[in-house]
Structures are given as structure tokens and as C-alpha cells.
$ cat upload.pdb   # PDB, C-alpha atoms
MODEL        1
ATOM      1  CA  MET Q 181       0.000   0.000   0.000  1.00  0.00           C
ATOM      2  CA  GLU Q 182       1.249   3.456  -0.860  1.00  0.00           C
ATOM      3  CA  LEU Q 183      -0.400   6.847  -0.412  1.00  0.00           C
ATOM      4  CA  VAL Q 184       0.567  10.307  -1.555  1.00  0.00           C
ATOM      5  CA  LEU Q 185       0.029  13.073   1.011  1.00  0.00           C
ATOM      6  CA  VAL Q 186      -0.406  16.565  -0.439  1.00  0.00           C
ATOM      7  CA  ILE Q 187       0.701  19.535   1.665  1.00  0.00           C
ATOM      8  CA  PRO Q 188       1.009  23.244   0.909  1.00  0.00           C
ATOM      9  CA  PRO Q 189       4.572  24.473   0.295  1.00  0.00           C
ATOM     10  CA  ASN Q 190       4.392  26.269   3.669  1.00  0.00           C
ATOM     11  CA  GLU Q 191       1.951  26.750   6.550  1.00  0.00           C
ATOM     12  CA  PHE Q 192       0.614  23.180   6.615  1.00  0.00           C
ATOM     13  CA  LYS Q 193      -0.885  21.874   9.876  1.00  0.00           C
ATOM     14  CA  ASP Q 194       2.091  20.173  11.548  1.00  0.00           C
ATOM     15  CA  GLU Q 195      -0.071  18.128  13.910  1.00  0.00           C
ATOM     16  CA  THR Q 196      -2.211  16.720  11.115  1.00  0.00           C
ATOM     17  CA  VAL Q 197       0.786  15.555   9.114  1.00  0.00           C
ATOM     18  CA  SER Q 198       2.624  14.198  12.165  1.00  0.00           C
ATOM     19  CA  GLN Q 199      -0.284  12.194  13.567  1.00  0.00           C
ATOM     20  CA  LEU Q 200      -1.327  10.844  10.159  1.00  0.00           C
ATOM     21  CA  CYS Q 201       2.242   9.747   9.363  1.00  0.00           C
ATOM     22  CA  ASN Q 202       2.577   8.057  12.772  1.00  0.00           C
ATOM     23  CA  THR Q 203      -0.561   6.006  12.142  1.00  0.00           C
ATOM     24  CA  LEU Q 204       0.484   5.091   8.597  1.00  0.00           C
ATOM     25  CA  GLU Q 205       3.924   4.011   9.808  1.00  0.00           C
ATOM     26  CA  LYS Q 206       2.369   1.913  12.581  1.00  0.00           C
ATOM     27  CA  TRP Q 207       0.365   0.031   9.948  1.00  0.00           C
ATOM     28  CA  LYS Q 208       3.348  -0.115   7.568  1.00  0.00           C
ATOM     29  CA  VAL Q 209       1.634   1.991   4.903  1.00  0.00           C
ATOM     30  CA  ASN Q 210       4.197   3.619   2.643  1.00  0.00           C
ATOM     31  CA  TYR Q 211       3.631   7.229   1.758  1.00  0.00           C
ATOM     32  CA  SER Q 212       5.229  10.068  -0.160  1.00  0.00           C
ATOM     33  CA  ILE Q 213       4.807  13.718   0.707  1.00  0.00           C
ATOM     34  CA  ALA Q 214       3.971  15.900  -2.287  1.00  0.00           C
ATOM     35  CA  SER Q 215       3.814  19.645  -2.744  1.00  0.00           C
ATOM     36  CA  THR Q 216       4.095  22.231  -5.491  1.00  0.00           C
ATOM     37  CA  SER Q 217       7.904  22.073  -5.350  1.00  0.00           C
ATOM     38  CA  LEU Q 218      10.651  19.953  -3.845  1.00  0.00           C
ATOM     39  CA  ASN Q 219      11.776  22.803  -1.583  1.00  0.00           C
ATOM     40  CA  SER Q 220      11.539  22.211   2.181  1.00  0.00           C
ATOM     41  CA  ALA Q 221       8.026  22.955   3.416  1.00  0.00           C
ATOM     42  CA  ILE Q 222       7.615  24.669   6.778  1.00  0.00           C
ATOM     43  CA  GLY Q 223       4.556  23.997   8.918  1.00  0.00           C
ATOM     44  CA  SER Q 224       2.560  26.469  10.971  1.00  0.00           C
ATOM     45  CA  HIS Q 225       4.432  25.394  14.110  1.00  0.00           C
ATOM     46  CA  GLY Q 226       7.868  25.124  12.510  1.00  0.00           C
ATOM     47  CA  ALA Q 227       8.040  21.483  11.380  1.00  0.00           C
ATOM     48  CA  ILE Q 228      10.154  21.073   8.262  1.00  0.00           C
ATOM     49  CA  ILE Q 229       9.224  18.454   5.674  1.00  0.00           C
ATOM     50  CA  GLN Q 230      11.117  17.670   2.498  1.00  0.00           C
ATOM     51  CA  PRO Q 231       8.569  16.739  -0.210  1.00  0.00           C
ATOM     52  CA  LYS Q 232       9.571  13.683  -2.240  1.00  0.00           C
ATOM     53  CA  ILE Q 233       7.495  14.459  -5.317  1.00  0.00           C
ATOM     54  CA  LYS Q 234       5.964  17.460  -7.030  1.00  0.00           C
ATOM     55  CA  ILE Q 235       2.206  17.416  -7.500  1.00  0.00           C
ATOM     56  CA  SER Q 236       2.723  17.712 -11.256  1.00  0.00           C
ATOM     57  CA  ASP Q 237       4.763  14.472 -11.258  1.00  0.00           C
ATOM     58  CA  ILE Q 238       2.270  12.259  -9.388  1.00  0.00           C
ATOM     59  CA  SER Q 239       0.858   9.304 -11.300  1.00  0.00           C
ATOM     60  CA  THR Q 240      -2.251   7.544 -10.000  1.00  0.00           C
ATOM     61  CA  GLU Q 241      -0.689   4.257 -11.083  1.00  0.00           C
ATOM     62  CA  ASP Q 242       1.993   4.632  -8.398  1.00  0.00           C
ATOM     63  CA  TYR Q 243      -0.391   5.152  -5.466  1.00  0.00           C
ATOM     64  CA  ASP Q 244      -3.406   3.527  -3.853  1.00  0.00           C
ATOM     65  CA  GLY Q 245      -4.801   6.866  -2.740  1.00  0.00           C
ATOM     66  CA  ILE Q 246      -4.312  10.571  -2.184  1.00  0.00           C
ATOM     67  CA  VAL Q 247      -4.692  12.509   1.079  1.00  0.00           C
ATOM     68  CA  LEU Q 248      -5.223  16.274   0.936  1.00  0.00           C
ATOM     69  CA  LEU Q 249      -4.019  17.931   4.117  1.00  0.00           C
ATOM     70  CA  ASN Q 250      -4.981  21.202   5.720  1.00  0.00           C
ATOM     71  CA  GLY Q 251      -3.426  24.433   6.865  1.00  0.00           C
ATOM     72  CA  VAL Q 252      -3.283  28.146   6.205  1.00  0.00           C
ATOM     73  CA  GLY Q 253      -1.056  27.382   3.211  1.00  0.00           C
ATOM     74  CA  VAL Q 254      -3.978  25.793   1.341  1.00  0.00           C
ATOM     75  CA  GLU Q 255      -5.458  29.303   1.160  1.00  0.00           C
ATOM     76  CA  GLU Q 256      -2.174  31.158   0.823  1.00  0.00           C
ATOM     77  CA  TYR Q 257      -1.076  29.082  -2.193  1.00  0.00           C
ATOM     78  CA  LYS Q 258      -4.619  28.534  -3.515  1.00  0.00           C
ATOM     79  CA  LEU Q 259      -4.046  24.805  -3.951  1.00  0.00           C
ATOM     80  CA  TYR Q 260      -7.754  24.437  -4.773  1.00  0.00           C
ATOM     81  CA  ASP Q 261      -7.098  26.419  -7.989  1.00  0.00           C
ATOM     82  CA  LEU Q 262      -4.114  24.303  -9.092  1.00  0.00           C
ATOM     83  CA  ARG Q 263      -5.358  22.626 -12.291  1.00  0.00           C
ATOM     84  CA  ALA Q 264      -2.816  19.766 -12.131  1.00  0.00           C
ATOM     85  CA  LEU Q 265      -4.010  18.874  -8.625  1.00  0.00           C
ATOM     86  CA  ILE Q 266      -7.717  19.096  -9.460  1.00  0.00           C
ATOM     87  CA  ASP Q 267      -7.209  16.862 -12.517  1.00  0.00           C
ATOM     88  CA  LEU Q 268      -5.177  14.434 -10.407  1.00  0.00           C
ATOM     89  CA  ILE Q 269      -7.960  14.134  -7.806  1.00  0.00           C
ATOM     90  CA  LYS Q 270     -10.448  13.459 -10.616  1.00  0.00           C
ATOM     91  CA  HIS Q 271      -8.152  10.761 -11.997  1.00  0.00           C
ATOM     92  CA  PHE Q 272      -7.873   9.091  -8.562  1.00  0.00           C
ATOM     93  CA  ASN Q 273     -11.673   9.155  -8.385  1.00  0.00           C
ATOM     94  CA  ASP Q 274     -12.088   7.739 -11.900  1.00  0.00           C
ATOM     95  CA  SER Q 275      -9.677   4.952 -10.906  1.00  0.00           C
ATOM     96  CA  LYS Q 276     -11.823   4.257  -7.780  1.00  0.00           C
ATOM     97  CA  LYS Q 277      -8.813   4.914  -5.563  1.00  0.00           C
ATOM     98  CA  LEU Q 278      -8.929   6.365  -2.071  1.00  0.00           C
ATOM     99  CA  ILE Q 279      -9.338  10.126  -1.727  1.00  0.00           C
ATOM    100  CA  ALA Q 280      -9.187  11.690   1.729  1.00  0.00           C
ATOM    101  CA  GLY Q 281      -9.375  15.320   2.761  1.00  0.00           C
ATOM    102  CA  ILE Q 282      -9.266  17.094   6.102  1.00  0.00           C
ATOM    103  CA  GLY Q 283     -10.264  20.631   7.096  1.00  0.00           C
ATOM    104  CA  ASN Q 284      -9.733  23.205   4.382  1.00  0.00           C
ATOM    105  CA  GLY Q 285      -8.015  20.489   2.331  1.00  0.00           C
ATOM    106  CA  LEU Q 286     -11.604  19.606   1.408  1.00  0.00           C
ATOM    107  CA  LYS Q 287     -11.691  22.645  -0.871  1.00  0.00           C
ATOM    108  CA  MET Q 288      -9.394  20.732  -3.246  1.00  0.00           C
ATOM    109  CA  VAL Q 289     -11.696  17.707  -3.141  1.00  0.00           C
ATOM    110  CA  ALA Q 290     -14.768  19.876  -3.772  1.00  0.00           C
ATOM    111  CA  ARG Q 291     -13.103  21.709  -6.679  1.00  0.00           C
ATOM    112  CA  ALA Q 292     -12.459  18.362  -8.363  1.00  0.00           C
ATOM    113  CA  ASN Q 293     -16.259  18.097  -8.623  1.00  0.00           C
ATOM    114  CA  ILE Q 294     -16.408  14.554  -7.246  1.00  0.00           C
ATOM    115  CA  ILE Q 295     -18.628  15.158  -4.190  1.00  0.00           C
ATOM    116  CA  SER Q 296     -22.068  15.542  -5.733  1.00  0.00           C
ATOM    117  CA  ASN Q 297     -24.639  13.799  -3.501  1.00  0.00           C
ATOM    118  CA  LYS Q 298     -21.911  12.417  -1.199  1.00  0.00           C
ATOM    119  CA  ASN Q 299     -21.908  12.911   2.555  1.00  0.00           C
ATOM    120  CA  ILE Q 300     -19.213  15.333   3.657  1.00  0.00           C
ATOM    121  CA  CYS Q 301     -18.227  15.868   7.294  1.00  0.00           C
ATOM    122  CA  SER Q 302     -19.406  18.851   9.301  1.00  0.00           C
ATOM    123  CA  LEU Q 303     -17.348  21.956   8.613  1.00  0.00           C
ATOM    124  CA  LYS Q 304     -16.629  25.179  10.449  1.00  0.00           C
ATOM    125  CA  ASP Q 305     -14.805  27.198   7.779  1.00  0.00           C
ATOM    126  CA  SER Q 306     -17.377  29.233   5.826  1.00  0.00           C
ATOM    127  CA  GLU Q 307     -15.317  29.260   2.618  1.00  0.00           C
ATOM    128  CA  THR Q 308     -14.930  25.448   2.641  1.00  0.00           C
ATOM    129  CA  ILE Q 309     -18.665  25.120   3.348  1.00  0.00           C
ATOM    130  CA  ARG Q 310     -19.343  27.345   0.332  1.00  0.00           C
ATOM    131  CA  TYR Q 311     -17.196  25.122  -1.904  1.00  0.00           C
ATOM    132  CA  VAL Q 312     -18.847  21.924  -0.674  1.00  0.00           C
ATOM    133  CA  LYS Q 313     -22.329  23.369  -1.245  1.00  0.00           C
ATOM    134  CA  LEU Q 314     -21.360  24.750  -4.661  1.00  0.00           C
ATOM    135  CA  PHE Q 315     -20.270  21.287  -5.789  1.00  0.00           C
ATOM    136  CA  LYS Q 316     -23.387  19.647  -4.293  1.00  0.00           C
ATOM    137  CA  GLY Q 317     -21.832  17.781  -1.372  1.00  0.00           C
ATOM    138  CA  ILE Q 318     -24.153  16.932   1.528  1.00  0.00           C
ATOM    139  CA  ILE Q 319     -22.761  18.352   4.777  1.00  0.00           C
ATOM    140  CA  THR Q 320     -23.641  16.122   7.729  1.00  0.00           C
ATOM    141  CA  GLU Q 321     -23.319  16.589  11.479  1.00  0.00           C
ATOM    142  CA  ASN Q 322     -20.566  13.950  11.681  1.00  0.00           C
ATOM    143  CA  GLU Q 323     -16.994  15.160  12.071  1.00  0.00           C
ATOM    144  CA  VAL Q 324     -15.676  12.271   9.963  1.00  0.00           C
ATOM    145  CA  GLU Q 325     -17.443  10.724   6.957  1.00  0.00           C
ATOM    146  CA  HIS Q 326     -16.607   7.746   4.738  1.00  0.00           C
ATOM    147  CA  ASN Q 327     -18.477   7.249   1.450  1.00  0.00           C
ATOM    148  CA  GLU Q 328     -17.243   4.771  -1.114  1.00  0.00           C
ATOM    149  CA  ASN Q 329     -13.692   5.930  -1.921  1.00  0.00           C
ATOM    150  CA  LEU Q 330     -13.996   9.327  -0.173  1.00  0.00           C
ATOM    151  CA  ILE Q 331     -13.042  10.069   3.449  1.00  0.00           C
ATOM    152  CA  THR Q 332     -13.527  13.537   4.937  1.00  0.00           C
ATOM    153  CA  ALA Q 333     -12.708  14.977   8.361  1.00  0.00           C
ATOM    154  CA  SER Q 334     -13.676  18.359   9.770  1.00  0.00           C
ATOM    155  CA  ASN Q 335     -10.370  19.403  11.345  1.00  0.00           C
ATOM    156  CA  SER Q 336      -7.069  18.351  12.910  1.00  0.00           C
ATOM    157  CA  ASP Q 337      -8.803  17.372  16.150  1.00  0.00           C
ATOM    158  CA  LYS Q 338     -10.203  14.383  14.245  1.00  0.00           C
ATOM    159  CA  VAL Q 339      -6.930  13.263  12.622  1.00  0.00           C
ATOM    160  CA  ASN Q 340      -6.660  10.056  14.678  1.00  0.00           C
ATOM    161  CA  GLU Q 341     -10.132   8.877  13.671  1.00  0.00           C
ATOM    162  CA  PHE Q 342      -9.471  10.051  10.091  1.00  0.00           C
ATOM    163  CA  SER Q 343      -6.197   8.074  10.026  1.00  0.00           C
ATOM    164  CA  LYS Q 344      -7.839   4.896  11.338  1.00  0.00           C
ATOM    165  CA  ILE Q 345     -10.563   5.077   8.700  1.00  0.00           C
ATOM    166  CA  ILE Q 346      -7.901   5.466   6.001  1.00  0.00           C
ATOM    167  CA  VAL Q 347      -6.129   2.361   7.306  1.00  0.00           C
ATOM    168  CA  ASN Q 348      -9.466   0.476   7.379  1.00  0.00           C
ATOM    169  CA  ALA Q 349     -10.288   1.602   3.831  1.00  0.00           C
ATOM    170  CA  LEU Q 350      -6.949   0.173   2.706  1.00  0.00           C
ATOM    171  CA  GLY Q 351      -8.018  -3.152   4.239  1.00  0.00           C
ATOM    172  CA  LEU Q 352      -5.256  -3.211   6.847  1.00  0.00           C
ATOM    173  CA  SER Q 353      -7.023  -3.352  10.211  1.00  0.00           C
TER     174      SER Q 353
ENDMDL
END

$ encode --input "upload.pdb" --output "C-alpha cells"
Amino acid sequence: MELVLVIPPNEFKDETVSQLCNTLEKWKVNYSIASTSLNSAIGSHGAIIQPKIKISDISTEDYDGIVLLNGVGVEEYKLYDLRALIDLIKHFNDSKKLIAGIGNGLKMVARANIISNKNICSLKDSETIRYVKLFKGIITENEVEHNENLITASNSDKVNEFSKIIVNALGLS
């Protein structure tokens, strides 16, 4: 099993990435961190991550799923407007591979127009809510949702549950 984790080039949520990676490592799930460049990415609390692959170089054939992570950098770098990323998410969906998004990382999932009539977790960010409604997602009261190949979580407080559902969806628990 191998996942690709997408982070902004800076200002990603350190705790989300750290806790998700810990869970994946525990279950021996391989992962690669991707961003818009291969330059060191700096998190909101100072964590430094060296991306292994650029978003533009990701092939769905190399991964079992994609995880779109949150942070101020999603807004700052407008990852939800990055055509290569939106097309990539669509391709993962067309291939019936796992797609997971947390917090404002859900804006990227919504922009890929793959959420119509799917349950999406409860959200607090008004801009992310707007995107989910625009692309016809159904916002529920649950902080984590799993529909078919799509997993969504409301925020970093739910990263442990989010991580466990990803592991379950990969058939590992």
C-alpha cells in the first residue's frame, strides 16, 4: 500500500501531518509527501518536511490513494485552484482509488467536482462550506465521513479517527 500526502509548500498543519504519518507508519503503509515544489516545506508550528514528489509528477498508477491535508497554506497558495491537482484528484476518483481530505483540504476535493450527492463531514470554515455546497456535497453533522472511496474529516482534532478510517479503507485493520 502506498499513499501520496499533499501539503502546501508552507503553513501546513504540523499536527495533522505528524499524527497521520505516525498512524500510517504503525500500519506499515508507505507514503510520499507531495507539494508544489521539492523545496523544504515549513509547517505552521515550525516542522520542516522535504517533499519527495511534485504534484505535477504524481501518477495515480503509483499510489493507492491521495490525502489532501490542511493548513493556512492551502489558502495562501490557492491549492484548490491548481489545475494539475484538481485533474489528479479526478483521476484518482475515476480509478476508484482512495481520496481523503481534512479541514480546508476539502476545498481541493470539492473543486475536483467529485462530491455531488456524497456525505461530507461537518465543517466550520465558511469558505470550505461554500465550496462543498457549490459542488453539491451533503454536509452532515458527523466530524468524519466515509463514502465509497472518499473520506472527509472536519479538522485536525479528528486526525486520529481520520487516520484509522484510512487504514481500514486500505483493508489493513

$ resolve_selection --input "upload.pdb" --expression "the PyMOL selection byres ((chain Q and resi 268) around 12)" --output "ChimeraX atom specification"
/Q:184,186,235-241,243,245-248,260,262-267,269-275,277,279,288-289,291-294

$ closest_atom_pairs --input "upload.pdb" --of "stretch 200-317 of chain Q" --to "stretch 332-347 of chain Q" --cutoff "7 Å" --atoms "all atoms listed in the file" --output "Markdown table"
| residue | atom | partner | partner_atom | distance |
| --- | --- | --- | --- | --- |
| Q:Leu200 | CA | Q:Ser343 | CA | 5.6 |
| Q:Thr203 | CA | Q:Ser343 | CA | 6.4 |
| Q:Ala280 | CA | Q:Thr332 | CA | 5.7 |
| Q:Gly281 | CA | Q:Thr332 | CA | 5.0 |
| Q:Ile282 | CA | Q:Ala333 | CA | 4.6 |
| Q:Gly283 | CA | Q:Asn335 | CA | 4.4 |
| Q:Ile300 | CA | Q:Thr332 | CA | 6.1 |
| Q:Cys301 | CA | Q:Ala333 | CA | 5.7 |
| Q:Ser302 | CA | Q:Ser334 | CA | 5.8 |
| Q:Leu303 | CA | Q:Ser334 | CA | 5.3 |

$ closest_residue --input "upload.pdb" --among "Q:His326, Q:Thr308, Q:Ser224, Q:Leu185" --to "Q:Leu204" --atoms "only C-alpha atoms"
Q:Leu185

$ closest_residue --input "upload.pdb" --among "Q:Val197, Q:Asn210, Q:Asn329, Q:Ser215" --to "Q:Leu183" --atoms "all atoms listed in the file"
Q:Asn210

$ atom_distance --input "upload.pdb" --atom1 "atom CA of Q:Lys287" --atom2 "atom CA of Q:Met181"
25.5 Å

$ closest_residue --input "upload.pdb" --among "Q:Gly317, Q:Ser306, Q:Asn250, Q:Glu195" --to "Q:Gly226" --atoms "only C-alpha atoms"
Q:Glu195

$ atom_distance --input "upload.pdb" --atom1 "atom CA of Q:Ser296" --atom2 "atom CA of Q:Ile318"
7.7 Å

$ atom_distance --input "upload.pdb" --atom1 "atom CA of Q:Gly223" --atom2 "atom CA of Q:Tyr257"
13.5 Å

$ closest_residue --input "upload.pdb" --among "Q:Arg310, Q:Asn299, Q:Glu255, Q:Lys232" --to "Q:Gly285" --atoms "all atoms listed in the file"
Q:Glu255

$ build_atoms --input "upload.pdb" --residues "stretch 233-261 of chain Q" --atoms "N, CA and C atoms" --output "PDB file, keeping the file's coordinate frame"
ATOM      1  N   ILE Q 233       8.008  14.396  -3.951  1.00  0.00           N
ATOM      2  CA  ILE Q 233       7.495  14.459  -5.317  1.00  0.00           C
ATOM      3  C   ILE Q 233       6.705  15.751  -5.496  1.00  0.00           C
ATOM      4  N   LYS Q 234       6.775  16.292  -6.695  1.00  0.00           N
ATOM      5  CA  LYS Q 234       5.964  17.460  -7.030  1.00  0.00           C
ATOM      6  C   LYS Q 234       4.586  16.983  -7.460  1.00  0.00           C
ATOM      7  N   ILE Q 235       3.579  17.755  -7.139  1.00  0.00           N
ATOM      8  CA  ILE Q 235       2.206  17.416  -7.500  1.00  0.00           C
ATOM      9  C   ILE Q 235       2.108  17.112  -8.991  1.00  0.00           C
ATOM     10  N   SER Q 236       2.786  17.893  -9.799  1.00  0.00           N
ATOM     11  CA  SER Q 236       2.723  17.712 -11.256  1.00  0.00           C
ATOM     12  C   SER Q 236       3.338  16.398 -11.728  1.00  0.00           C
ATOM     13  N   ASP Q 237       4.112  15.729 -10.875  1.00  0.00           N
ATOM     14  CA  ASP Q 237       4.763  14.472 -11.258  1.00  0.00           C
ATOM     15  C   ASP Q 237       4.072  13.223 -10.695  1.00  0.00           C
ATOM     16  N   ILE Q 238       2.974  13.394  -9.988  1.00  0.00           N
ATOM     17  CA  ILE Q 238       2.270  12.259  -9.388  1.00  0.00           C
ATOM     18  C   ILE Q 238       1.515  11.495 -10.475  1.00  0.00           C
ATOM     19  N   SER Q 239       1.635  10.177 -10.421  1.00  0.00           N
ATOM     20  CA  SER Q 239       0.858   9.304 -11.300  1.00  0.00           C
ATOM     21  C   SER Q 239      -0.053   8.440 -10.425  1.00  0.00           C
ATOM     22  N   THR Q 240      -1.309   8.357 -10.785  1.00  0.00           N
ATOM     23  CA  THR Q 240      -2.251   7.544 -10.000  1.00  0.00           C
ATOM     24  C   THR Q 240      -1.849   6.071 -10.013  1.00  0.00           C
ATOM     25  N   GLU Q 241      -1.108   5.658 -11.005  1.00  0.00           N
ATOM     26  CA  GLU Q 241      -0.689   4.257 -11.083  1.00  0.00           C
ATOM     27  C   GLU Q 241       0.313   3.890  -9.994  1.00  0.00           C
ATOM     28  N   ASP Q 242       0.976   4.885  -9.428  1.00  0.00           N
ATOM     29  CA  ASP Q 242       1.993   4.632  -8.398  1.00  0.00           C
ATOM     30  C   ASP Q 242       1.438   4.616  -6.981  1.00  0.00           C
ATOM     31  N   TYR Q 243       0.173   4.997  -6.812  1.00  0.00           N
ATOM     32  CA  TYR Q 243      -0.391   5.152  -5.466  1.00  0.00           C
ATOM     33  C   TYR Q 243      -1.775   4.524  -5.359  1.00  0.00           C
ATOM     34  N   ASP Q 244      -2.091   4.104  -4.140  1.00  0.00           N
ATOM     35  CA  ASP Q 244      -3.406   3.527  -3.853  1.00  0.00           C
ATOM     36  C   ASP Q 244      -4.402   4.596  -3.414  1.00  0.00           C
ATOM     37  N   GLY Q 245      -3.915   5.793  -3.155  1.00  0.00           N
ATOM     38  CA  GLY Q 245      -4.801   6.866  -2.740  1.00  0.00           C
ATOM     39  C   GLY Q 245      -4.060   8.168  -2.546  1.00  0.00           C
ATOM     40  N   ILE Q 246      -4.844   9.229  -2.382  1.00  0.00           N
ATOM     41  CA  ILE Q 246      -4.312  10.571  -2.184  1.00  0.00           C
ATOM     42  C   ILE Q 246      -4.981  11.173  -0.952  1.00  0.00           C
ATOM     43  N   VAL Q 247      -4.182  11.857  -0.125  1.00  0.00           N
ATOM     44  CA  VAL Q 247      -4.692  12.509   1.079  1.00  0.00           C
ATOM     45  C   VAL Q 247      -4.352  13.994   0.969  1.00  0.00           C
ATOM     46  N   LEU Q 248      -5.377  14.829   1.076  1.00  0.00           N
ATOM     47  CA  LEU Q 248      -5.223  16.274   0.936  1.00  0.00           C
ATOM     48  C   LEU Q 248      -5.291  16.897   2.325  1.00  0.00           C
ATOM     49  N   LEU Q 249      -4.158  17.452   2.743  1.00  0.00           N
ATOM     50  CA  LEU Q 249      -4.019  17.931   4.117  1.00  0.00           C
ATOM     51  C   LEU Q 249      -4.299  19.422   4.227  1.00  0.00           C
ATOM     52  N   ASN Q 250      -4.493  19.855   5.437  1.00  0.00           N
ATOM     53  CA  ASN Q 250      -4.981  21.202   5.720  1.00  0.00           C
ATOM     54  C   ASN Q 250      -3.885  22.147   6.188  1.00  0.00           C
ATOM     55  N   GLY Q 251      -4.302  23.391   6.358  1.00  0.00           N
ATOM     56  CA  GLY Q 251      -3.426  24.433   6.865  1.00  0.00           C
ATOM     57  C   GLY Q 251      -3.669  25.755   6.169  1.00  0.00           C
ATOM     58  N   VAL Q 252      -3.157  26.804   6.769  1.00  0.00           N
ATOM     59  CA  VAL Q 252      -3.283  28.146   6.205  1.00  0.00           C
ATOM     60  C   VAL Q 252      -2.713  28.201   4.787  1.00  0.00           C
ATOM     61  N   GLY Q 253      -1.697  27.394   4.527  1.00  0.00           N
ATOM     62  CA  GLY Q 253      -1.056  27.382   3.211  1.00  0.00           C
ATOM     63  C   GLY Q 253      -1.974  26.947   2.080  1.00  0.00           C
ATOM     64  N   VAL Q 254      -3.020  26.172   2.385  1.00  0.00           N
ATOM     65  CA  VAL Q 254      -3.978  25.793   1.341  1.00  0.00           C
ATOM     66  C   VAL Q 254      -4.574  27.058   0.738  1.00  0.00           C
ATOM     67  N   GLU Q 255      -4.904  28.019   1.617  1.00  0.00           N
ATOM     68  CA  GLU Q 255      -5.458  29.303   1.160  1.00  0.00           C
ATOM     69  C   GLU Q 255      -4.366  30.180   0.544  1.00  0.00           C
ATOM     70  N   GLU Q 256      -3.256  30.274   1.255  1.00  0.00           N
ATOM     71  CA  GLU Q 256      -2.174  31.158   0.823  1.00  0.00           C
ATOM     72  C   GLU Q 256      -1.684  30.824  -0.582  1.00  0.00           C
ATOM     73  N   TYR Q 257      -1.584  29.517  -0.892  1.00  0.00           N
ATOM     74  CA  TYR Q 257      -1.076  29.082  -2.193  1.00  0.00           C
ATOM     75  C   TYR Q 257      -2.196  28.673  -3.152  1.00  0.00           C
ATOM     76  N   LYS Q 258      -3.447  28.836  -2.705  1.00  0.00           N
ATOM     77  CA  LYS Q 258      -4.619  28.534  -3.515  1.00  0.00           C
ATOM     78  C   LYS Q 258      -4.512  27.169  -4.206  1.00  0.00           C
ATOM     79  N   LEU Q 259      -4.193  26.150  -3.401  1.00  0.00           N
ATOM     80  CA  LEU Q 259      -4.046  24.805  -3.951  1.00  0.00           C
ATOM     81  C   LEU Q 259      -5.325  24.329  -4.638  1.00  0.00           C
ATOM     82  N   TYR Q 260      -6.466  24.819  -4.188  1.00  0.00           N
ATOM     83  CA  TYR Q 260      -7.754  24.437  -4.773  1.00  0.00           C
ATOM     84  C   TYR Q 260      -7.941  24.995  -6.184  1.00  0.00           C
ATOM     85  N   ASP Q 261      -7.058  25.894  -6.621  1.00  0.00           N
ATOM     86  CA  ASP Q 261      -7.098  26.419  -7.989  1.00  0.00           C
ATOM     87  C   ASP Q 261      -6.013  25.820  -8.880  1.00  0.00           C
TER      88      ASP Q 261
END
